[in-house]
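Only one structure is covered here, and it is reproduced in the block below.
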Amino acid sequence: RKEVEQDPGPFNVPEGATVAFNCTYSNSASQSFFWYRQDCRKEPKLLMSVYSSGNEDGRFTAQLNRASQYISLLIRDSKLSDSATYLCVVTGTGTASKLTFGTGTRLQVTL
Amino acid sequence: DVKVTQSSRYLVKRTGEKVFLECVQDMDHENMFWYRQDPGLGLRLIYFSYDVKMKEKGDIPEGYSVSREKKERFSLILESASTNQTSMYLCASSVHRGYNEQFFGPGTRLTVL
């Protein structure tokens, strides 16, 4: 089983739509959780951290369910510029700086 | 802004050649990382370093070595390149051991013929 699993997509949605991505992780002792964004032929960049209480940044909402080992990202009012691959990322135990990346979910927002 | 630079965007080498990939960060970060990214496999950690002259194996270190002689520079070495090392190589850095956000360089697309 992969340490971090994501639906690869692609998710094709019209502008203005709401879209949700899910991610599961296998290590119950994982301590920190993130969503990174990677544009085509570019490097990954941190989108947002994910907290148990849930957190929101503009049109983006991230949720963590530790009991189910499940992370989600909700994007409201999708824009063309949201088209990218979204990477679910978790840290391991012991070495807090090490990140384990999911393979990513591709989003294509269309007119 | 944090800047992580990599020596080449594209590189073509022949099987058996020794290959050096260089990464430099300008923000005095303690941690540096080398990943490779392949379709369907995502980013996989090759090696990382928490300090000068210090290195630790990641998940897929076989066929690679690293060098960190200066804090700002982290080199990835392919001692004898093979075709299965054709990939996108990404370098990253983060502030210190307990700090998670990693800043990535633009990547080097390596093709081994």
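Chain labels A, B, ... are given in the sequence in which chains occur in the structure tokens; within each chain residues are numbered consecutively from 1, and ligands are likewise numbered from 1 in the order shown.
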Inset, instruction - With a distance cut-off of 12 Å and only C-alpha atoms, select the neighbouring residues of segment 10-25 of chain A, excluding the residue or stretch itself and same-chain residues fewer than 5 positions from it, and output the selection as a ChimeraX atom specification. - result: /A:1-5,30-35,50,59-92,100-111
Can you check which parts of chain B lie within 7 Å of chain A? Per residue, the shortest pair of atoms and distance in Å to one decimal, counting only C-alpha atoms, sorted by chain and number, as a tab-separated table.
```
residue	atom	partner	partner_atom	distance
B:Gly40	CA	A:Thr103	CA	6.2
B:Leu41	CA	A:Thr103	CA	5.8
B:Gly42	CA	A:Thr103	CA	4.1
B:Leu43	CA	A:Phe101	CA	6.0
B:Arg97	CA	A:Ser97	CA	5.5
B:Gly98	CA	A:Ala96	CA	5.6
B:Tyr99	CA	A:Ser97	CA	6.1
B:Asn100	CA	A:Ser97	CA	5.1
B:Glu101	CA	A:Leu46	CA	6.9
B:Phe103	CA	A:Lys45	CA	6.8
B:Phe104	CA	A:Glu43	CA	6.0
B:Gly105	CA	A:Glu43	CA	6.5
B:Pro106	CA	A:Glu43	CA	5.3
B:Gly107	CA	A:Glu43	CA	6.7
```
Wanna dump the segment 54-82 of chain B-segment 89-94 of chain B contacts at 10 Å for me, each residue with its shortest atom pair and the distance in Å to one decimal, counting only C-alpha atoms, ordered by chain and number, as JSON lines?
```
{"residue": "B:Glu72", "atom": "CA", "partner": "B:Ser93", "partner_atom": "CA", "distance": 9.4}
{"residue": "B:Phe74", "atom": "CA", "partner": "B:Cys91", "partner_atom": "CA", "distance": 8.4}
{"residue": "B:Ser75", "atom": "CA", "partner": "B:Cys91", "partner_atom": "CA", "distance": 9.2}
{"residue": "B:Leu76", "atom": "CA", "partner": "B:Cys91", "partner_atom": "CA", "distance": 9.1}
```
Please write the residues from the selection above to a file, keeping N, CA and C atoms, as a PDB file, in the first residue's frame.
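That gives us again.pdb:
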```pdb
ATOM      1  N   GLU B  72      25.157  26.156   1.461  1.00  0.00           N
ATOM      2  CA  GLU B  72      24.231  26.561   0.420  1.00  0.00           C
ATOM      3  C   GLU B  72      24.170  25.616  -0.776  1.00  0.00           C
ATOM      4  N   PHE B  74      24.216  21.655  -2.495  1.00  0.00           N
ATOM      5  CA  PHE B  74      23.975  20.214  -2.300  1.00  0.00           C
ATOM      6  C   PHE B  74      24.028  19.560  -3.667  1.00  0.00           C
ATOM      7  N   SER B  75      24.977  18.661  -3.838  1.00  0.00           N
ATOM      8  CA  SER B  75      25.194  18.040  -5.147  1.00  0.00           C
ATOM      9  C   SER B  75      24.701  16.604  -5.147  1.00  0.00           C
ATOM     10  N   LEU B  76      24.093  16.217  -6.239  1.00  0.00           N
ATOM     11  CA  LEU B  76      23.675  14.829  -6.460  1.00  0.00           C
ATOM     12  C   LEU B  76      24.576  14.238  -7.526  1.00  0.00           C
TER      13      LEU B  76
END
```
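Excluding segment 11-27 of chain B and any residue on its chain fewer than 4 positions from it, the residues at most 8 Å away by only C-alpha atoms are Val2, Lys3, Val4, Thr5, Gln6, Ser7, Glu72, Arg73, Phe74, Ser75, Leu76, Ile77, Leu78, Glu79, Ser80, Ala81, Ser82, Thr83, Cys91, Ser93, Gly105, Thr108, Arg109, Leu110, Thr111, Val112 and Leu113 of chain B.
Counting from atom CA of Arg44 of chain B, the distance to atom CA of Met88 of chain B is 10.7 Å.
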